[in-house]
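**Student:** One file is attached below, final17.cif, containing mmCIF, C-alpha atoms.
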```cif
data_work
loop_
_atom_site.label_atom_id
_atom_site.label_comp_id
_atom_site.auth_asym_id
_atom_site.auth_seq_id
_atom_site.Cartn_x
_atom_site.Cartn_y
_atom_site.Cartn_z
CA MET A 1 8.14 -35.16 -68.42
CA SER A 2 9.80 -33.22 -65.66
CA SER A 3 8.30 -29.91 -64.50
CA ARG A 4 10.21 -26.72 -65.11
CA LEU A 5 10.52 -23.70 -62.94
CA VAL A 6 10.68 -21.22 -65.84
CA ALA A 7 8.53 -21.58 -68.95
CA GLU A 8 10.42 -22.13 -72.21
CA PRO A 9 9.23 -22.16 -75.82
CA ARG A 10 8.06 -25.59 -76.92
CA ALA A 11 9.04 -27.33 -80.13
CA ASN A 12 6.67 -26.93 -83.02
CA ASP A 13 4.57 -24.35 -80.97
CA ASN A 14 4.70 -20.80 -82.37
CA ALA A 15 1.61 -19.49 -80.44
CA ALA A 16 2.37 -17.11 -77.63
CA PRO A 17 0.40 -17.54 -74.35
CA GLU A 18 -2.87 -15.52 -74.16
CA SER A 19 -3.67 -13.13 -71.35
CA VAL A 20 -6.82 -13.57 -69.31
CA SER A 21 -8.23 -10.35 -70.77
CA GLU A 22 -7.60 -11.57 -74.31
CA LEU A 23 -9.41 -14.83 -73.63
CA ALA A 24 -12.28 -13.00 -71.94
CA GLY A 25 -12.53 -10.69 -74.94
CA ARG A 26 -12.65 -13.64 -77.36
CA LEU A 27 -15.36 -15.30 -75.30
CA LYS A 28 -17.33 -12.04 -75.18
CA ARG A 29 -17.15 -11.59 -78.94
CA MET A 30 -18.07 -15.20 -79.53
CA VAL A 31 -21.11 -15.10 -77.22
CA GLU A 32 -22.37 -11.82 -78.59
CA GLY A 33 -21.80 -12.90 -82.18
CA GLU A 34 -23.41 -16.30 -81.71
CA PHE A 35 -26.52 -15.29 -79.76
CA GLY A 36 -27.11 -11.55 -80.29
CA ARG A 37 -30.55 -10.53 -78.92
CA VAL A 38 -32.55 -13.13 -77.03
CA ARG A 39 -35.85 -13.39 -75.11
CA LEU A 40 -35.71 -15.29 -71.85
CA ARG A 41 -38.54 -16.45 -69.61
CA GLY A 42 -37.78 -16.90 -65.96
CA GLU A 43 -38.49 -15.98 -62.38
CA ILE A 44 -36.93 -12.83 -60.91
CA SER A 45 -34.46 -13.42 -58.09
CA GLY A 46 -32.23 -11.02 -56.16
CA TYR A 47 -33.82 -7.86 -57.59
CA LYS A 48 -31.86 -4.72 -56.60
CA ARG A 49 -31.99 -1.13 -57.80
CA ALA A 50 -28.67 0.71 -57.31
CA SER A 51 -28.39 4.38 -56.36
CA SER A 52 -27.21 5.02 -59.92
CA GLY A 53 -30.62 3.89 -61.20
CA HIS A 54 -29.33 0.65 -62.74
CA VAL A 55 -31.21 -2.57 -61.95
CA TYR A 56 -29.48 -5.90 -61.15
CA LEU A 57 -31.31 -9.21 -60.97
CA ALA A 58 -31.17 -12.86 -61.93
CA LEU A 59 -33.55 -14.95 -64.02
CA LYS A 60 -33.96 -18.57 -63.03
CA ASP A 61 -35.98 -21.68 -63.69
CA ASP A 62 -35.92 -25.11 -62.13
CA ALA A 63 -32.45 -25.98 -63.46
CA ALA A 64 -30.47 -22.85 -64.31
CA LEU A 65 -29.83 -19.20 -63.49
CA ILE A 66 -28.49 -16.27 -65.49
CA ASP A 67 -27.51 -12.80 -64.23
CA GLY A 68 -29.14 -9.76 -65.74
CA VAL A 69 -28.57 -6.00 -65.73
CA MET A 70 -30.87 -3.21 -66.85
CA TRP A 71 -29.32 0.20 -67.37
CA ARG A 72 -30.95 3.30 -65.89
CA GLY A 73 -32.57 4.46 -69.13
CA SER A 74 -34.32 1.16 -69.69
CA ALA A 75 -35.20 0.78 -66.00
CA GLY A 76 -36.90 4.17 -66.06
CA ARG A 77 -39.26 2.96 -68.76
CA LEU A 78 -40.51 -0.03 -66.81
CA ALA A 79 -44.31 -0.23 -66.64
CA PHE A 80 -44.22 -2.04 -63.28
CA THR A 81 -41.97 -2.45 -60.28
CA PRO A 82 -40.26 -5.86 -60.43
CA GLN A 83 -40.55 -8.18 -57.44
CA ASP A 84 -38.69 -11.35 -56.54
CA GLY A 85 -40.61 -14.49 -57.43
CA VAL A 86 -42.51 -12.92 -60.35
CA GLU A 87 -42.25 -14.66 -63.72
CA VAL A 88 -41.19 -12.33 -66.51
CA ILE A 89 -39.99 -12.30 -70.10
CA ALA A 90 -36.75 -10.36 -70.61
CA THR A 91 -35.60 -9.12 -73.97
CA GLY A 92 -31.96 -8.08 -74.39
CA LYS A 93 -28.48 -8.84 -75.54
CA LEU A 94 -26.46 -11.79 -74.24
CA THR A 95 -22.92 -10.86 -73.25
CA THR A 96 -20.23 -11.64 -70.70
CA TYR A 97 -18.86 -9.79 -67.72
CA PRO A 98 -15.10 -10.41 -67.72
CA GLY A 99 -14.67 -8.99 -64.24
CA ARG A 100 -16.55 -11.95 -62.79
CA SER A 101 -16.10 -14.55 -65.57
CA ARG A 102 -19.88 -14.68 -65.99
CA TYR A 103 -22.23 -14.44 -68.85
CA GLN A 104 -25.27 -12.20 -68.44
CA ILE A 105 -28.10 -10.57 -70.30
CA VAL A 106 -28.33 -6.81 -70.73
CA ILE A 107 -32.10 -6.31 -70.58
CA ASP A 108 -33.80 -3.71 -72.76
CA HIS A 109 -37.42 -4.70 -72.05
CA LEU A 110 -38.96 -6.56 -69.15
CA GLU A 111 -42.55 -7.81 -69.31
CA LEU A 112 -44.69 -9.98 -67.12
CA ALA A 113 -45.07 -13.51 -68.41
CA GLY A 114 -48.84 -13.46 -68.90
CA GLU A 115 -51.79 -12.27 -66.81
CA GLY A 116 -51.14 -14.94 -64.21
CA ALA A 117 -47.76 -13.41 -63.45
CA LEU A 118 -49.37 -10.00 -63.31
CA MET A 119 -51.95 -11.20 -60.77
CA ALA A 120 -49.22 -12.87 -58.74
CA LEU A 121 -47.30 -9.60 -58.63
CA LEU A 122 -50.46 -7.77 -57.64
CA GLU A 123 -51.24 -10.15 -54.79
CA LYS A 124 -47.68 -10.02 -53.53
CA LEU A 125 -47.64 -6.21 -53.48
CA LYS A 126 -51.10 -6.13 -51.91
CA GLY A 127 -49.99 -8.41 -49.10
CA LYS A 128 -46.90 -6.31 -48.47
CA LEU A 129 -48.78 -3.00 -48.30
CA ALA A 130 -51.63 -4.48 -46.27
CA GLY A 131 -49.08 -5.77 -43.77
CA GLU A 132 -47.88 -2.18 -43.33
CA GLY A 133 -51.42 -1.04 -42.49
CA LEU A 134 -51.99 1.08 -45.60
CA PHE A 135 -55.43 -0.46 -46.17
CA ASP A 136 -56.71 -0.45 -42.56
CA ALA A 137 -60.38 0.51 -42.33
CA GLY A 138 -59.74 2.43 -39.12
CA LYS A 139 -57.61 4.94 -41.03
CA LYS A 140 -60.39 5.88 -43.47
CA ARG A 141 -61.53 9.50 -43.03
CA PRO A 142 -65.05 10.86 -43.58
CA LEU A 143 -65.53 13.06 -46.62
CA PRO A 144 -66.41 16.74 -46.19
CA TYR A 145 -70.14 17.24 -46.62
CA LEU A 146 -69.91 20.26 -48.91
CA PRO A 147 -66.31 20.77 -50.15
CA ARG A 148 -65.54 24.27 -51.37
CA THR A 149 -62.71 23.06 -53.63
CA ILE A 150 -62.25 19.62 -55.23
CA GLY A 151 -58.94 18.49 -56.72
CA ILE A 152 -59.09 16.01 -59.60
CA VAL A 153 -56.13 13.87 -60.68
CA THR A 154 -56.80 12.50 -64.16
CA SER A 155 -56.11 12.96 -67.85
CA PRO A 156 -57.06 16.44 -69.08
CA THR A 157 -58.59 14.92 -72.21
CA GLY A 158 -61.18 12.24 -72.62
CA ALA A 159 -64.62 11.49 -71.26
CA VAL A 160 -63.65 11.07 -67.59
CA ILE A 161 -62.98 14.72 -66.76
CA ARG A 162 -66.00 15.84 -68.80
CA ASP A 163 -68.28 13.38 -67.00
CA ILE A 164 -67.04 14.49 -63.57
CA LEU A 165 -67.39 18.21 -64.29
CA HIS A 166 -70.82 17.74 -65.86
CA ARG A 167 -72.06 15.71 -62.89
CA LEU A 168 -70.73 18.26 -60.39
CA GLU A 169 -72.44 21.05 -62.32
CA ASP A 170 -75.76 19.20 -62.25
CA ARG A 171 -75.64 18.32 -58.56
CA CYS A 172 -73.90 21.21 -56.82
CA PRO A 173 -71.48 23.51 -58.67
CA THR A 174 -68.20 23.93 -56.82
CA HIS A 175 -64.65 25.10 -57.50
CA VAL A 176 -62.55 22.42 -59.23
CA LEU A 177 -58.77 22.15 -59.68
CA VAL A 178 -57.53 19.64 -62.27
CA TRP A 179 -53.98 18.27 -62.08
CA PRO A 180 -53.38 16.73 -65.54
CA VAL A 181 -51.50 13.41 -65.59
CA LYS A 182 -50.99 10.41 -67.77
CA VAL A 183 -53.20 7.54 -66.63
CA GLN A 184 -51.54 4.75 -68.59
CA GLY A 185 -48.13 3.74 -69.82
CA GLU A 186 -44.59 4.80 -69.05
CA GLY A 187 -44.22 7.44 -66.31
CA ALA A 188 -47.94 7.45 -65.45
CA ALA A 189 -47.48 6.17 -61.89
CA ALA A 190 -44.86 8.82 -61.08
CA GLU A 191 -47.09 11.61 -62.41
CA ILE A 192 -50.15 10.42 -60.46
CA ALA A 193 -48.18 10.13 -57.21
CA ALA A 194 -46.62 13.58 -57.77
CA ALA A 195 -50.08 15.11 -58.35
CA VAL A 196 -51.51 13.65 -55.12
CA ARG A 197 -48.51 14.86 -53.14
CA GLY A 198 -48.63 18.24 -54.90
CA PHE A 199 -52.25 18.87 -53.91
CA GLY A 200 -51.45 17.92 -50.31
CA ALA A 201 -48.49 20.31 -50.24
CA LEU A 202 -50.56 23.37 -51.19
CA PRO A 203 -50.86 25.84 -48.27
CA GLU A 204 -54.37 26.37 -46.93
CA ASP A 205 -54.02 30.17 -47.16
CA GLY A 206 -51.97 30.33 -50.37
CA PRO A 207 -52.92 31.92 -53.71
CA VAL A 208 -54.16 28.51 -54.89
CA ARG A 209 -56.41 27.12 -52.18
CA ARG A 210 -55.74 23.56 -51.10
CA PRO A 211 -58.67 21.26 -52.03
CA ASP A 212 -60.95 19.86 -49.35
CA LEU A 213 -61.33 16.59 -51.33
CA LEU A 214 -59.36 14.71 -54.02
CA ILE A 215 -60.69 12.47 -56.79
CA VAL A 216 -58.22 10.12 -58.53
CA ALA A 217 -59.99 8.97 -61.67
CA ARG A 218 -59.58 6.95 -64.84
CA GLY A 219 -61.91 5.18 -67.25
CA GLY A 220 -62.16 1.44 -67.67
CA GLY A 221 -59.57 -0.84 -69.21
CA SER A 222 -57.67 -4.07 -68.83
CA ILE A 223 -55.60 -4.88 -65.77
CA GLU A 224 -52.56 -3.91 -67.76
CA ASP A 225 -54.12 -0.55 -68.69
CA LEU A 226 -54.92 0.16 -65.05
CA TRP A 227 -51.62 -1.12 -63.71
CA CYS A 228 -50.16 2.30 -62.87
CA PHE A 229 -52.83 2.59 -60.14
CA ASN A 230 -51.41 -0.59 -58.58
CA GLU A 231 -47.88 0.81 -58.42
CA GLU A 232 -46.45 1.15 -54.91
CA VAL A 233 -45.56 4.82 -55.40
CA VAL A 234 -49.20 5.69 -56.17
CA VAL A 235 -50.63 3.60 -53.35
CA ARG A 236 -48.29 5.18 -50.79
CA ALA A 237 -49.03 8.70 -52.03
CA VAL A 238 -52.80 8.14 -51.72
CA ALA A 239 -52.50 6.55 -48.26
CA ALA A 240 -50.32 9.43 -47.01
CA SER A 241 -52.47 12.23 -48.46
CA PRO A 242 -53.53 14.83 -45.87
CA ILE A 243 -56.66 15.38 -47.97
CA PRO A 244 -59.45 12.75 -48.11
CA VAL A 245 -59.30 10.82 -51.39
CA ILE A 246 -61.98 9.17 -53.54
CA SER A 247 -60.59 6.54 -55.90
CA ALA A 248 -62.59 6.19 -59.14
CA VAL A 249 -60.46 3.94 -61.34
CA GLY A 250 -62.05 1.83 -64.04
CA HIS A 251 -65.55 0.42 -64.09
CA GLU A 252 -67.48 -1.11 -61.22
CA THR A 253 -65.82 -4.52 -61.57
CA ASP A 254 -62.29 -3.10 -61.77
CA THR A 255 -60.33 -2.97 -58.51
CA THR A 256 -56.86 -1.52 -57.95
CA LEU A 257 -54.65 -1.11 -54.92
CA CYS A 258 -55.35 2.63 -55.14
CA ASP A 259 -58.98 1.79 -54.30
CA HIS A 260 -57.88 0.03 -51.11
CA ALA A 261 -55.64 2.93 -50.02
CA ALA A 262 -58.23 5.67 -50.67
CA ASP A 263 -60.72 6.82 -48.06
CA LEU A 264 -63.61 5.85 -50.34
CA ARG A 265 -63.90 3.84 -53.56
CA ALA A 266 -66.35 4.93 -56.24
CA PRO A 267 -67.48 2.40 -58.86
CA THR A 268 -67.11 4.96 -61.68
CA PRO A 269 -65.80 8.54 -62.09
CA THR A 270 -69.40 9.77 -62.40
CA ALA A 271 -70.27 8.07 -59.14
CA ALA A 272 -67.26 9.78 -57.54
CA ALA A 273 -68.77 13.16 -58.43
CA GLU A 274 -72.08 12.06 -56.89
CA LEU A 275 -70.32 10.99 -53.69
CA ALA A 276 -68.30 14.21 -53.54
CA VAL A 277 -71.16 16.71 -53.28
CA PRO A 278 -74.83 16.64 -52.30
CA VAL A 279 -77.65 17.59 -54.66
CA ARG A 280 -78.19 21.35 -54.65
CA ALA A 281 -81.96 20.95 -55.00
CA ASP A 282 -82.00 18.63 -52.00
CA LEU A 283 -80.02 21.20 -50.03
CA ALA A 284 -82.44 23.95 -50.99
CA HIS A 285 -85.38 21.73 -50.01
CA THR A 286 -83.74 20.87 -46.69
CA ILE A 287 -83.03 24.52 -45.95
CA ALA A 288 -86.60 25.49 -46.84
CA SER A 289 -87.95 22.71 -44.63
CA LEU A 290 -85.78 23.80 -41.73
CA SER A 291 -86.83 27.41 -42.24
CA LEU A 292 -90.49 26.40 -42.20
CA ARG A 293 -89.96 24.34 -39.06
CA THR A 294 -88.21 27.28 -37.44
CA GLN A 295 -91.10 29.60 -38.26
CA ARG A 296 -93.58 27.10 -36.90
CA CYS A 297 -91.59 26.71 -33.71
CA VAL A 298 -91.40 30.49 -33.26
CA ARG A 299 -95.13 30.88 -33.93
CA ARG A 300 -95.96 28.04 -31.57
CA TYR A 301 -93.74 29.54 -28.87
CA HIS A 302 -95.36 32.94 -29.41
CA ASP A 303 -98.89 31.52 -29.23
CA ARG A 304 -98.07 29.53 -26.13
CA GLY A 305 -96.60 32.62 -24.48
CA ARG A 306 -99.72 34.60 -25.33
CA GLU A 307 -101.92 31.90 -23.82
CA GLN A 308 -99.83 31.82 -20.66
CA LEU A 309 -99.97 35.61 -20.40
CA ALA A 310 -103.75 35.62 -20.81
CA ALA A 311 -104.06 32.96 -18.11
CA LEU A 312 -101.90 35.01 -15.76
CA VAL A 313 -103.90 38.17 -16.48
CA ARG A 314 -107.10 36.41 -15.55
CA VAL A 315 -105.81 35.41 -12.12
CA MET A 316 -104.02 38.67 -11.36
CA PRO A 317 -105.90 41.23 -9.14
CA ARG A 318 -107.27 44.40 -10.72
CA ARG A 319 -105.34 47.64 -10.63
CA ASP A 320 -107.88 49.36 -8.40
CA ALA A 321 -107.76 46.44 -5.98
CA LEU A 322 -103.95 46.70 -5.81
CA LEU A 323 -103.74 50.51 -5.56
CA GLY A 324 -106.93 51.22 -3.56
CA PRO A 325 -105.42 50.81 -0.05
CA GLN A 326 -102.39 52.87 -1.00
CA ARG A 327 -104.55 55.64 -2.43
CA GLN A 328 -106.67 55.70 0.75
CA ARG A 329 -103.57 55.80 2.93
CA LEU A 330 -102.18 58.68 0.85
CA ASP A 331 -105.38 60.68 1.28
CA ASP A 332 -105.33 60.05 5.05
CA VAL A 333 -101.67 61.11 5.35
CA ALA A 334 -102.34 64.23 3.24
CA GLY A 335 -105.25 65.24 5.50
CA ARG A 336 -103.22 64.77 8.66
CA LEU A 337 -100.32 66.69 7.15
CA SER A 338 -102.55 69.67 6.41
CA LEU A 339 -103.89 69.72 9.98
CA ALA A 340 -100.38 69.38 11.40
CA LEU A 341 -99.13 72.33 9.33
CA GLU A 342 -102.02 74.51 10.53
CA ARG A 343 -101.32 73.62 14.16
CA ARG A 344 -97.61 74.32 13.70
CA VAL A 345 -98.30 77.76 12.20
CA ALA A 346 -100.69 78.65 15.01
CA THR A 347 -98.12 77.66 17.62
CA ALA A 348 -95.44 79.73 15.94
CA ARG A 349 -97.74 82.74 15.77
CA ARG A 350 -98.49 82.49 19.49
CA ASN A 351 -94.79 82.31 20.32
CA LEU A 352 -94.12 85.36 18.18
CA ASP A 353 -96.88 87.30 19.90
CA ARG A 354 -95.61 86.30 23.32
CA HIS A 355 -91.99 87.36 22.70
CA GLY A 356 -92.57 90.22 20.30
CA HIS A 357 -92.54 92.95 23.04
CA ALA A 358 -88.85 92.23 23.58
CA LEU A 359 -88.13 93.40 20.06
CA ARG A 360 -89.18 97.08 20.63
CA PRO A 361 -86.65 99.74 19.37
CA ALA A 362 -86.12 101.32 22.80
CA MET A 363 -85.24 97.96 24.28
CA LEU A 364 -82.81 97.26 21.44
CA THR A 365 -81.15 100.71 21.88
CA GLN A 366 -80.69 100.12 25.59
CA ARG A 367 -79.08 96.72 25.03
CA LEU A 368 -76.78 98.20 22.35
CA ALA A 369 -75.63 100.99 24.78
CA GLN A 370 -74.90 98.45 27.48
CA ALA A 371 -72.85 96.34 25.11
CA ARG A 372 -70.86 99.35 23.90
CA ALA A 373 -70.09 100.38 27.50
CA ARG A 374 -68.76 96.89 28.22
CA PHE A 375 -66.61 96.99 25.09
CA ASP A 376 -65.12 100.39 25.98
CA GLY A 377 -64.27 99.17 29.50
CA THR A 378 -62.53 96.14 28.12
CA ALA A 379 -60.53 98.29 25.68
CA ARG A 380 -59.35 100.61 28.45
CA MET A 381 -58.29 97.69 30.54
CA LEU A 382 -56.28 96.23 27.63
CA GLU A 383 -54.61 99.59 27.09
CA GLN A 384 -53.58 99.75 30.72
CA VAL A 385 -52.02 96.31 30.73
CA ASN A 386 -50.25 96.76 27.35
CA PRO A 387 -46.49 96.31 28.12
CA ASP A 388 -45.52 98.73 25.37
CA ASN A 389 -47.05 101.60 27.37
CA LEU A 390 -44.14 101.31 29.78
CA LEU A 391 -41.73 102.12 26.97
CA GLN A 392 -42.89 105.73 27.20
CA LYS A 393 -41.43 105.82 30.68
CA GLY A 394 -37.96 104.66 29.61
CA TYR A 395 -38.40 100.93 29.91
CA VAL A 396 -37.22 98.43 27.25
CA ARG A 397 -38.97 95.20 26.28
CA VAL A 398 -36.63 92.31 25.42
CA VAL A 399 -37.89 89.73 22.91
CA ALA A 400 -36.23 86.51 21.65
CA LYS A 401 -35.58 86.95 17.94
CA THR A 402 -36.21 83.35 17.09
CA ASN A 403 -39.78 83.04 18.41
CA GLY A 404 -40.84 86.60 19.35
CA LYS A 405 -41.48 85.73 23.00
CA THR A 406 -40.72 88.23 25.78
CA VAL A 407 -37.48 87.44 27.65
CA ALA A 408 -37.92 87.91 31.41
CA THR A 409 -34.66 86.46 32.83
CA ALA A 410 -30.97 86.53 32.08
CA ALA A 411 -31.00 82.75 31.65
CA ASP A 412 -33.67 83.06 28.98
CA ALA A 413 -31.59 85.75 27.26
CA ARG A 414 -28.47 83.55 27.25
CA ALA A 415 -30.53 80.68 25.89
CA ALA A 416 -32.04 82.84 23.15
CA GLY A 417 -28.69 84.28 22.01
CA ALA A 418 -30.21 86.65 19.46
CA LEU A 419 -32.56 89.30 20.90
CA GLN A 420 -34.63 92.31 19.90
CA LEU A 421 -34.79 95.38 22.17
CA HIS A 422 -38.06 97.28 21.81
CA PHE A 423 -37.67 101.00 22.71
CA ARG A 424 -40.21 103.74 22.56
CA ASP A 425 -38.92 104.97 19.23
CA GLY A 426 -37.66 101.77 17.61
CA VAL A 427 -36.17 98.28 17.83
CA LEU A 428 -32.54 97.20 18.12
CA ASP A 429 -31.17 93.73 17.31
CA ALA A 430 -28.81 92.45 19.99
CA LYS A 431 -26.84 89.35 20.82
CA VAL A 432 -25.60 87.99 24.13
CA GLU A 433 -21.79 88.00 24.63
CA ARG A 434 -19.65 86.82 27.52
CA ALA A 435 -16.83 89.03 28.92
CA GLY A 436 -15.09 88.64 32.24
CA GLY A 437 -17.41 85.81 33.20
CA ARG A 438 -20.51 87.88 32.71
CA ALA A 439 -23.00 88.07 29.94
CA TYR A 440 -23.83 91.41 28.42
CA VAL A 441 -25.97 92.56 25.51
CA GLU A 442 -24.27 94.12 22.51
CA PRO A 443 -26.58 95.98 20.09
CA THR A 444 -25.94 95.07 16.50
CA GLN A 445 -28.26 96.88 14.11
CA PRO A 446 -30.98 99.46 14.90
CA THR A 447 -34.44 99.08 13.46
CA LEU A 448 -36.71 102.10 13.42
CA LEU A 449 -40.33 101.75 14.26
#
```
What would the structure in this file look like if it were written as C-alpha cells?
**Tutor:**
Amino acid sequence: MSSRLVAEPRANDNAAPESVSELAGRLKRMVEGEFGRVRLRGEISGYKRASSGHVYLALKDDAALIDGVMWRGSAGRLAFTPQDGVEVIATGKLTTYPGRSRYQIVIDHLELAGEGALMALLEKLKGKLAGEGLFDAGKKRPLPYLPRTIGIVTSPTGAVIRDILHRLEDRCPTHVLVWPVKVQGEGAAAEIAAAVRGFGALPEDGPVRRPDLLIVARGGGSIEDLWCFNEEVVVRAVAASPIPVISAVGHETDTTLCDHAADLRAPTPTAAAELAVPVRADLAHTIASLSLRTQRCVRRYHDRGREQLAALVRVMPRRDALLGPQRQRLDDVAGRLSLALERRVATARRNLDRHGHALRPAMLTQRLAQARARFDGTARMLEQVNPDNLLQKGYVRVVAKTNGKTVATAADARAAGALQLHFRDGVLDAKVERAGGRAYVEPTQPTLL
C-alpha cells in the first residue's frame, strides 16, 4: 500500500476522523463514569501550594504514581499541613487532565494513613523547626515574677478556662485577658496563631494593656485532638511572641511542638496558673518577714549607736574642764580692760586740764579778729588786681569766645577768630577780619551787662 500525501475517504469507512479534544473528552467521561469517587493510599510527593490557594501533589507507592489536585476550598479545611514523604489516604474523584494527557484525582479529603504516619509527620516537622533554632534553650526567657496582666489563649467554654481562673484567684488575683479560639478541628491552628500574634501586637500604653505573660492552654486528648498545637503556624507564632509564653496543652504525658517553642511548658493548665503567679499568702508572709527584719535592723542600729554615744560621753572631758580656762582668761581680760579704761580717762582729763586755758573767750575773740583782718587784706588785694577795674578807666578786656580766656596778643586774636570785648558798661561780640594785609576787629552784636 503506497502512502498518500493527502488523506482520502476509505472504502467501507463512514467514520470521520476524531479530534484530539473529542478523544480526550471521551476518555474523561469513560474514566469518570467507570471509577467515580475513590480512596487512594500513598506517599505524598511534590507537594506545592499555589498562590491561588490550590494544592498540587502526587501520590505514589513502590510501583506507580498518580497526580492529584485539591481546590482552595478543600485545602482550607485540611486539619494538618501536608509534607513530602508522609503516607496519606486521599478521597476524591478520578478524572483526566486533557491539557497534559494525564489522569489525576481531584481530592476532597486528605487524611493521614494511621497514627504512624501522623508521628512521622510530627518528627519531620520537629526536625525542620529545630534546625531553624525555634526550640533552642538559650532563647527561653524568664517569666515575670508578678505579672499585672495575663493573656490566655484557649476555648472560652469548658473546664480549662475555669480551672485557670479559679487557680489564679486562689493564689494571687490578677487581671486576665482571654482571647477565645477553637482548640481542635478545622481552622483551630490559624485562630491560635492569630491570638498569639494579636496579644503581641497590643501597644503597651493602649486602651487594652498588653499582657506581661501568655498562657496557651487546652485540655487533654489524643494526638489527633491536639494536632493543631503541632501546626507550623502555631509553633512559629509562639516562638516569635514578644511576650513570654507558657504552653499548657494536654495532660502531663502529652507533648506538642508548641511546648518546645514556648518559654516554659506546664504539665496541665492548672499548673500553668501556678507557675504564672506566686501565692499571695506567701508574698504577705515574705513582706511581713522583711518588715520585721527591717525593724530589727533599725532597732539594732539605734541601740548600737546609743552604746557608742554613751562610750564617747564617758571618755569626753567635762564641760567645766573644757570651759574653765576660757572663763578664767575672760575674767582676766575684763579686769585689765577696766583698768585700761580708767587710765585712759585719767590721761584725757589731764590733757584737757593742761590745754583748757587756751579755750578762754577773750583768746578766741582775739584769734577771730586776727583772722578777719587777714581776710579783709586779702579781699582788698584781690580787688586791686581785678582786671575789670581797669575798664572804668577806658580800657577793654578781650576774651576768646570759644574758651573764655583773655587774649593778650594779636596772634592769639587771629587764632581765636571769634572774640568778646568787655567794656565798662557791656560786652560786644567781635570777629577778626583781614583788610589790606592787616587784621582788624569788627564788632558784630552788642551784649549789655
**Student:** Please write as a PyMOL selection string the full residue list that the PyMOL selection byres ((chain A and resi 176) around 6) yields on this file.
**Tutor:** chain A and resi 149-151+175+177
**Student:** Interatomic distance between atom CA of A:Glu115 and atom CA of A:Val88?
**Tutor:**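 Separation between atom CA of A:Glu115 and atom CA of A:Val88: 10.6 Å.
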**Student:** Evaluate the PyMOL selection byres ((chain A and resi 38) around 12) on the structure here and hand back the selected residues as number ranges by chain.
**Tutor:** A: 31-37, 39-41, 89-95, 104-109
**Student:** Could you work out an axis-aligned bounding box for all listed atoms of stretch 142-154 of chain A, with 5 Å added on each of the six sides, and give its centre and edge lengths in Å to one decimal, as AutoDock Vina command-line options?
**Tutor:**
```
--center_x -63.1 --center_y 17.6 --center_z -53.9 --size_x 24.0 --size_y 23.4 --size_z 30.6
```
**Student:** Work out how far atom CA of A:Val20 is from atom CA of A:Ser101, in Å to one decimal.
**Tutor:**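 That distance, rounded to one decimal, is 10.1 Å.
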**Student:** How many Å separate atom CA of A:Ala237 from atom CA of A:Val196?
**Tutor:**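 We find that atom CA of A:Ala237 and atom CA of A:Val196 lie 6.3 Å from each other.
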**Student:** Given the file shown, enumerate the residues that the PyMOL selection byres ((chain A and resi 53) around 12) captures and present them as a PyMOL selection string.
**Tutor:** chain A and resi 48-52+54-56+69-77
**Student:** Quick one: of A:Pro361, A:Pro173, A:Gly25, A:Pro242, who's nearest to A:Arg197, counting all atoms listed in the file?
**Tutor:**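 Closest residue, counting all atoms listed in the file: A:Pro242.
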**Student:** Residues at most 8 Å from A:Ala272, counting all atoms listed in the file, excluding those fewer than 4 positions away in the same chain, as an MDAnalysis selection string?
**Tutor:** chainID A and resid 164 215 246:248 265:268 276
**Student:** Quick one: contact table of stretch 262-291 of chain A to stretch 131-140 of chain A, 12 Å max, nearest atom pair and distance in Å to one decimal per residue, counting all atoms listed in the file, chain and number order, as a Markdown table?
**Tutor:**
```
| residue | atom | partner | partner_atom | distance |
| --- | --- | --- | --- | --- |
| A:Ala262 | CA | A:Lys140 | CA | 7.5 |
| A:Asp263 | CA | A:Lys140 | CA | 4.7 |
| A:Leu264 | CA | A:Lys140 | CA | 7.6 |
| A:Arg265 | CA | A:Lys140 | CA | 10.9 |
```
**Student:** With all atoms listed in the file as the basis for distance, which of A:Ala190, A:Ala408, A:Pro82, A:His285 is at the shortest distance from A:Leu122?
**Tutor:**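 Selected residue with least distance to A:Leu122: A:Pro82.
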**Student:** Smallest atom-to-atom distance to A:Val178: which of A:Pro147, A:Pro211, A:Gly417, A:Gly324, using only C-alpha atoms?
**Tutor:** A:Pro211
**Student:** The residues within 9 Å of (-43.7, -1.1, -65.0), using all atoms listed in the file and the coordinates of the file, should be reported as a ChimeraX atom specification; which are they?
**Tutor:** /A:75-82,110-111,185-187,189,227-228,231
**Student:** Create the file for the chosen residues now, containing C-alpha atoms and written as a PDB file, in the frame of the given file.
**Tutor:**
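To be explicit, this is the file written out as result16.pdb:
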```
ATOM      1  CA  ALA A  75     -35.200   0.780 -66.000  1.00  0.00           C
ATOM      2  CA  GLY A  76     -36.900   4.170 -66.060  1.00  0.00           C
ATOM      3  CA  ARG A  77     -39.260   2.960 -68.760  1.00  0.00           C
ATOM      4  CA  LEU A  78     -40.510  -0.030 -66.810  1.00  0.00           C
ATOM      5  CA  ALA A  79     -44.310  -0.230 -66.640  1.00  0.00           C
ATOM      6  CA  PHE A  80     -44.220  -2.040 -63.280  1.00  0.00           C
ATOM      7  CA  THR A  81     -41.970  -2.450 -60.280  1.00  0.00           C
ATOM      8  CA  PRO A  82     -40.260  -5.860 -60.430  1.00  0.00           C
ATOM      9  CA  LEU A 110     -38.960  -6.560 -69.150  1.00  0.00           C
ATOM     10  CA  GLU A 111     -42.550  -7.810 -69.310  1.00  0.00           C
ATOM     11  CA  GLY A 185     -48.130   3.740 -69.820  1.00  0.00           C
ATOM     12  CA  GLU A 186     -44.590   4.800 -69.050  1.00  0.00           C
ATOM     13  CA  GLY A 187     -44.220   7.440 -66.310  1.00  0.00           C
ATOM     14  CA  ALA A 189     -47.480   6.170 -61.890  1.00  0.00           C
ATOM     15  CA  TRP A 227     -51.620  -1.120 -63.710  1.00  0.00           C
ATOM     16  CA  CYS A 228     -50.160   2.300 -62.870  1.00  0.00           C
ATOM     17  CA  GLU A 231     -47.880   0.810 -58.420  1.00  0.00           C
TER      18      GLU A 231
END
```
